[in-house]
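**Student:** Next comes the structure file run09.cif, holding mmCIF, C-alpha atoms.
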```
data_run
loop_
_atom_site.label_atom_id
_atom_site.label_comp_id
_atom_site.auth_asym_id
_atom_site.auth_seq_id
_atom_site.Cartn_x
_atom_site.Cartn_y
_atom_site.Cartn_z
CA MET X 14 -1.20 -19.77 -5.04
CA THR X 15 1.60 -18.34 -7.17
CA THR X 16 1.18 -18.71 -10.90
CA PRO X 17 3.76 -18.15 -13.62
CA PRO X 18 3.78 -14.77 -15.35
CA SER X 19 1.64 -14.38 -18.43
CA HIS X 20 3.17 -13.04 -21.65
CA ASP X 21 0.16 -10.91 -22.55
CA GLY X 22 -1.13 -10.11 -19.09
CA PHE X 23 0.01 -8.75 -15.77
CA ARG X 24 0.59 -9.95 -12.23
CA VAL X 25 -1.22 -8.87 -9.08
CA CYS X 26 -0.12 -9.04 -5.45
CA LEU X 27 -3.21 -10.08 -3.46
CA PHE X 28 -3.68 -9.08 0.16
CA ASP X 29 -6.34 -9.31 2.85
CA LEU X 30 -7.66 -6.34 4.75
CA ALA X 31 -10.57 -6.33 7.21
CA GLY X 32 -11.88 -9.64 5.87
CA GLN X 33 -11.80 -8.50 2.24
CA ARG X 34 -9.35 -9.25 -0.55
CA PHE X 35 -7.59 -6.53 -2.51
CA GLY X 36 -4.73 -6.42 -4.94
CA LEU X 37 -2.11 -4.16 -6.47
CA ARG X 38 -0.46 -4.66 -9.82
CA LEU X 39 2.89 -6.25 -9.10
CA ASP X 40 4.74 -3.53 -10.99
CA SER X 41 3.51 -1.15 -8.24
CA VAL X 42 4.98 -3.30 -5.45
CA SER X 43 8.67 -3.26 -4.58
CA GLU X 44 8.64 -5.61 -1.58
CA VAL X 45 6.72 -6.99 1.39
CA VAL X 46 8.17 -6.53 4.87
CA PRO X 47 7.04 -7.35 8.41
CA MET X 48 5.93 -4.62 10.78
CA ALA X 49 8.76 -2.83 12.54
CA ALA X 50 9.12 0.04 15.00
CA LEU X 51 7.80 3.23 13.47
CA SER X 52 8.68 6.86 14.00
CA ARG X 53 5.55 8.84 14.87
CA PRO X 54 5.99 12.60 14.44
CA PRO X 55 3.45 14.83 16.21
CA ALA X 56 0.30 16.04 14.44
CA MET X 57 0.27 13.24 11.86
CA PRO X 58 -2.80 12.95 9.62
CA SER X 59 -5.21 10.15 10.54
CA ILE X 60 -4.28 8.06 7.48
CA LEU X 61 -0.63 7.89 8.57
CA GLU X 62 0.50 5.26 11.07
CA GLY X 63 4.07 6.56 11.13
CA PHE X 64 7.34 6.23 9.21
CA LEU X 65 9.35 3.11 8.58
CA ASN X 66 13.12 3.46 8.38
CA LEU X 67 13.74 1.19 5.39
CA ARG X 68 17.48 0.96 4.75
CA GLY X 69 17.95 4.60 5.72
CA ALA X 70 14.96 5.96 3.83
CA ALA X 71 11.82 7.25 5.55
CA VAL X 72 8.76 5.48 4.14
CA PRO X 73 5.29 6.70 5.16
CA VAL X 74 3.15 3.86 6.53
CA VAL X 75 -0.44 4.39 5.42
CA ARG X 76 -3.46 3.02 7.24
CA THR X 77 -4.95 1.31 4.21
CA ALA X 78 -8.12 0.32 6.08
CA ALA X 79 -8.76 3.96 7.04
CA LEU X 80 -8.33 5.03 3.40
CA LEU X 81 -10.94 2.50 2.32
CA GLY X 82 -13.34 3.11 5.22
CA LEU X 83 -12.76 -0.33 6.74
CA PRO X 84 -12.14 -1.27 10.39
CA GLN X 85 -8.45 -1.45 11.33
CA ASP X 86 -7.25 -4.56 13.11
CA PRO X 87 -4.82 -3.92 15.98
CA LEU X 88 -1.20 -3.86 14.86
CA ASP X 89 1.03 -6.72 15.95
CA LEU X 90 4.22 -8.50 14.94
CA HIS X 91 2.33 -10.27 12.13
CA THR X 92 1.09 -7.06 10.51
CA THR X 93 2.39 -6.89 6.97
CA LEU X 94 3.63 -3.85 5.07
CA VAL X 95 3.40 -3.80 1.29
CA ILE X 96 6.02 -1.33 0.04
CA ALA X 97 4.50 0.33 -3.02
CA ARG X 98 6.16 2.37 -5.74
CA ALA X 99 4.03 5.49 -5.77
CA ARG X 100 4.81 8.30 -8.22
CA GLU X 101 6.15 10.86 -5.75
CA LEU X 102 7.45 8.69 -2.92
CA PRO X 103 7.34 5.09 -1.77
CA LEU X 104 4.45 4.12 0.50
CA ALA X 105 4.07 1.27 2.94
CA LEU X 106 0.49 0.00 2.99
CA LEU X 107 -0.67 -1.69 6.21
CA VAL X 108 -2.43 -4.95 5.32
CA ASP X 109 -3.52 -7.96 7.36
CA ARG X 110 -1.61 -10.47 5.23
CA VAL X 111 -0.35 -11.03 1.70
CA ALA X 112 -2.30 -13.88 0.10
CA GLY X 113 -0.09 -14.43 -2.96
CA ILE X 114 0.72 -13.33 -6.47
CA ILE X 115 -1.38 -14.29 -9.45
CA SER X 116 -1.09 -13.75 -13.20
CA LEU X 117 -4.03 -12.26 -15.07
CA ARG X 118 -5.05 -11.53 -18.61
CA PRO X 119 -6.55 -8.08 -19.19
CA GLU X 120 -9.98 -9.65 -19.73
CA ASP X 121 -9.87 -11.28 -16.27
CA LEU X 122 -10.26 -7.86 -14.65
CA LEU X 123 -13.86 -6.64 -14.73
CA PRO X 124 -13.89 -2.84 -14.96
CA ILE X 125 -15.51 -0.73 -12.25
CA ALA X 126 -16.73 2.78 -12.99
CA ALA X 127 -14.59 5.44 -11.29
CA SER X 128 -17.73 6.78 -9.64
CA ASP X 129 -18.32 3.39 -7.95
CA SER X 130 -15.24 3.62 -5.74
CA PHE X 131 -13.73 6.30 -3.53
CA ASN X 132 -11.52 8.57 -5.63
CA GLY X 133 -11.82 6.03 -8.46
CA CYS X 134 -9.16 4.00 -6.65
CA VAL X 135 -10.39 0.58 -7.87
CA ASP X 136 -9.14 -0.47 -11.32
CA GLY X 137 -11.40 -3.48 -11.46
CA ARG X 138 -12.83 -6.57 -9.83
CA LEU X 139 -11.37 -10.01 -10.09
CA THR X 140 -13.47 -13.06 -9.32
CA MET X 141 -11.54 -16.16 -8.34
CA ALA X 142 -12.88 -19.56 -7.35
CA GLU X 143 -12.75 -18.75 -3.67
CA ARG X 144 -13.59 -15.03 -3.58
CA THR X 145 -13.65 -11.61 -5.18
CA ALA X 146 -10.77 -9.13 -5.07
CA HIS X 147 -10.70 -5.44 -5.88
CA VAL X 148 -7.55 -4.39 -7.69
CA LEU X 149 -6.52 -0.94 -6.48
CA SER X 150 -4.93 1.83 -8.50
CA LEU X 151 -1.94 3.10 -6.56
CA ASP X 152 -2.06 6.41 -8.46
CA ARG X 153 -5.61 7.10 -7.28
CA LEU X 154 -5.46 5.66 -3.76
CA LEU X 155 -4.67 9.01 -2.14
CA LEU X 156 -6.36 12.35 -2.67
CA GLU X 157 -4.09 15.15 -3.92
CA LYS X 158 -4.28 16.90 -0.53
CA GLU X 159 -3.28 13.64 1.22
CA ARG X 160 -0.31 13.29 -1.16
CA GLN X 161 0.82 16.84 -0.38
CA ILE X 162 0.55 16.34 3.37
CA LEU X 163 2.43 13.02 3.22
CA ALA X 164 5.15 14.66 1.10
CA GLN X 165 5.59 17.40 3.74
CA PHE X 166 5.82 14.89 6.58
CA HIS X 167 8.12 12.70 4.47
CA ALA X 168 10.54 15.60 3.83
CA ALA X 169 10.68 16.39 7.57
CA GLU X 170 11.23 12.72 8.49
CA ASP X 171 13.93 12.31 5.82
CA GLN X 172 15.71 15.34 7.25
CA ARG X 173 15.47 13.88 10.77
CA LEU X 174 16.99 10.59 9.57
CA ARG X 175 19.86 12.44 7.82
CA GLN X 176 20.57 14.38 11.01
CA LEU X 177 20.64 11.14 13.03
CA ASP X 178 23.07 9.60 10.53
CA GLU X 179 25.30 12.68 10.66
CA ALA X 180 25.29 12.64 14.47
CA ARG X 181 26.41 8.98 14.45
CA ALA X 182 29.25 9.64 11.98
#
```
How does the structure come out when it is put into structure tokens?
**Tutor:**
Amino acid sequence: MTTPPSHDGFRVCLFDLAGQRFGLRLDSVSEVVPMAALSRPPAMPSILEGFLNLRGAAVPVVRTAALLGLPQDPLDLHTTLVIARARELPLALLVDRVAGIISLRPEDLLPIAASDSFNGCVDGRLTMAERTAHVLSLDRLLLEKERQILAQFHAAEDQRLRQLDEARA
């Protein structure tokens, strides 16, 4: 389902979540990794599954289904993490599976009014032969308060990882 990049368009990483298809612009995605053991500090917010140690960096793992008000499937070895390049810090989004990468022209994305999605987090709707996908805006996926809380937990987890590295040295 991969298509070559378009010169005047953009590419989208499509993923499935709770029986629905979503996407993120590919320039917001750094990589896709399988589920791994997570660190789970006490008193985490409900949107946070834990922290992934990704090459020595603490990456918050966000319960994407909870953010979007969808049912969360149980986590297993096949759970996929989409590592996203958020403004303040990287995020790992829990998804059911990555469906592929497609190239789009700007006119392929039907706009959705900000008031028609939670926090205006949907950039637009894409209709493909098989189904519809909502392309999410990474910048608007989290509320400001959620960003602040994740940043606080991230700083504490980063410090914990540094201390572990220093203890091993």
**Student:** Can you measure atom CA of X:Leu117 to atom CA of X:Leu27 for me? One decimal in Å is fine.
**Tutor:**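 Taking atom CA of X:Leu117 and atom CA of X:Leu27, their separation equals 11.8 Å.
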**Student:** Neighbouring residues of stretch 66-68 of chain X were defined as those with any atom within 9 Å, considering all atoms listed in the file; residues of the same chain fewer than 3 positions away were excluded. Please report them as a list in words.
**Tutor:**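 Listed by chain and then number, they are Ala49, Ala50, Leu51, Ser52, Ala71, Val72 and Leu174 of chain X.
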**Student:** Could those selected residues go to a file with C-alpha atoms, as a PDB file, in the coordinates of the input?
**Tutor:**
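What follows is the written file part.pdb:
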```pdb
ATOM      1  CA  ALA X  49       8.760  -2.830  12.540  1.00  0.00           C
ATOM      2  CA  ALA X  50       9.120   0.040  15.000  1.00  0.00           C
ATOM      3  CA  LEU X  51       7.800   3.230  13.470  1.00  0.00           C
ATOM      4  CA  SER X  52       8.680   6.860  14.000  1.00  0.00           C
ATOM      5  CA  ALA X  71      11.820   7.250   5.550  1.00  0.00           C
ATOM      6  CA  VAL X  72       8.760   5.480   4.140  1.00  0.00           C
ATOM      7  CA  LEU X 174      16.990  10.590   9.570  1.00  0.00           C
TER       8      LEU X 174
END
```
**Student:** Would you pick out the contacts of stretch 82-97 of chain X at 10 Å or less, using all atoms listed in the file, so that residues sharing its chain but fewer than 5 positions from it are not included, and give the list as a count of residues only?
**Tutor:** 41
**Student:** Give as a ChimeraX atom specification the residues that the PyMOL selection byres ((chain X and resi 166) around 12) matches when applied to the coordinates above.
**Tutor:** /X:52-58,61-64,71-74,102,159-165,167-173
**Student:** Identify all residues satisfying the PyMOL selection byres ((chain X and resi 145) around 12) in the given file; provide them as a count of residues only.
**Tutor:** 22
**Student:** At what distance in Å, to one decimal, does atom CA of X:Leu154 lie from atom CA of X:Ser116?
**Tutor:** 22.0 Å
**Student:** Record the distance separating atom CA of X:Ile60 and atom CA of X:Leu80, expressed in Å with one decimal.
**Tutor:**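 We find that atom CA of X:Ile60 and atom CA of X:Leu80 lie 6.5 Å from each other.
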**Student:** Using all atoms listed in the file, pick whichever of X:Ser150, X:Arg181, X:Ala112, X:Leu155 has the shortest atom-to-atom distance to X:Ile125.
**Tutor:**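 Closest residue, counting all atoms listed in the file: X:Ser150.
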**Student:** Select, from X:Ala70, X:Leu81, X:Leu156, X:Leu149, the residue with the minimum atom-to-atom distance to X:Arg175, counting only C-alpha atoms.
**Tutor:**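 For X:Arg175, the nearest of the given residues is X:Ala70.
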**Student:** Go through X:Gln176, X:Gly113, X:Glu120, X:Ala99 and flag the residue nearest X:Arg153, using only C-alpha atoms for the distances.
**Tutor:** X:Ala99
**Student:** Counting only C-alpha atoms, which of X:Asp178, X:Glu157, X:Ile114, X:Asp129 gets nearest to X:Phe23?
**Tutor:** X:Ile114
**Student:** For X:Asp21, which residue out of X:Val135, X:Pro119, X:Arg100, X:Leu177 is the nearest one, using all atoms listed in the file?
**Tutor:**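 Nearest to X:Asp21: X:Pro119.
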**Student:** Point out the residue among X:Asp152, X:Ala78, X:Cys134, X:Gly69 with the least atom-to-atom distance to X:Glu101, counting only C-alpha atoms.
**Tutor:** X:Asp152
**Student:** Each side padded by 5 Å, which centre and which edge lengths in Å (one decimal) define the axis-aligned box around the listed atoms of stretch 90-96 of chain X? Give them as JSON.
**Tutor:**
```
{"center_x": 3.6, "center_y": -5.8, "center_z": 7.5, "size_x": 14.9, "size_y": 18.9, "size_z": 24.9}
```
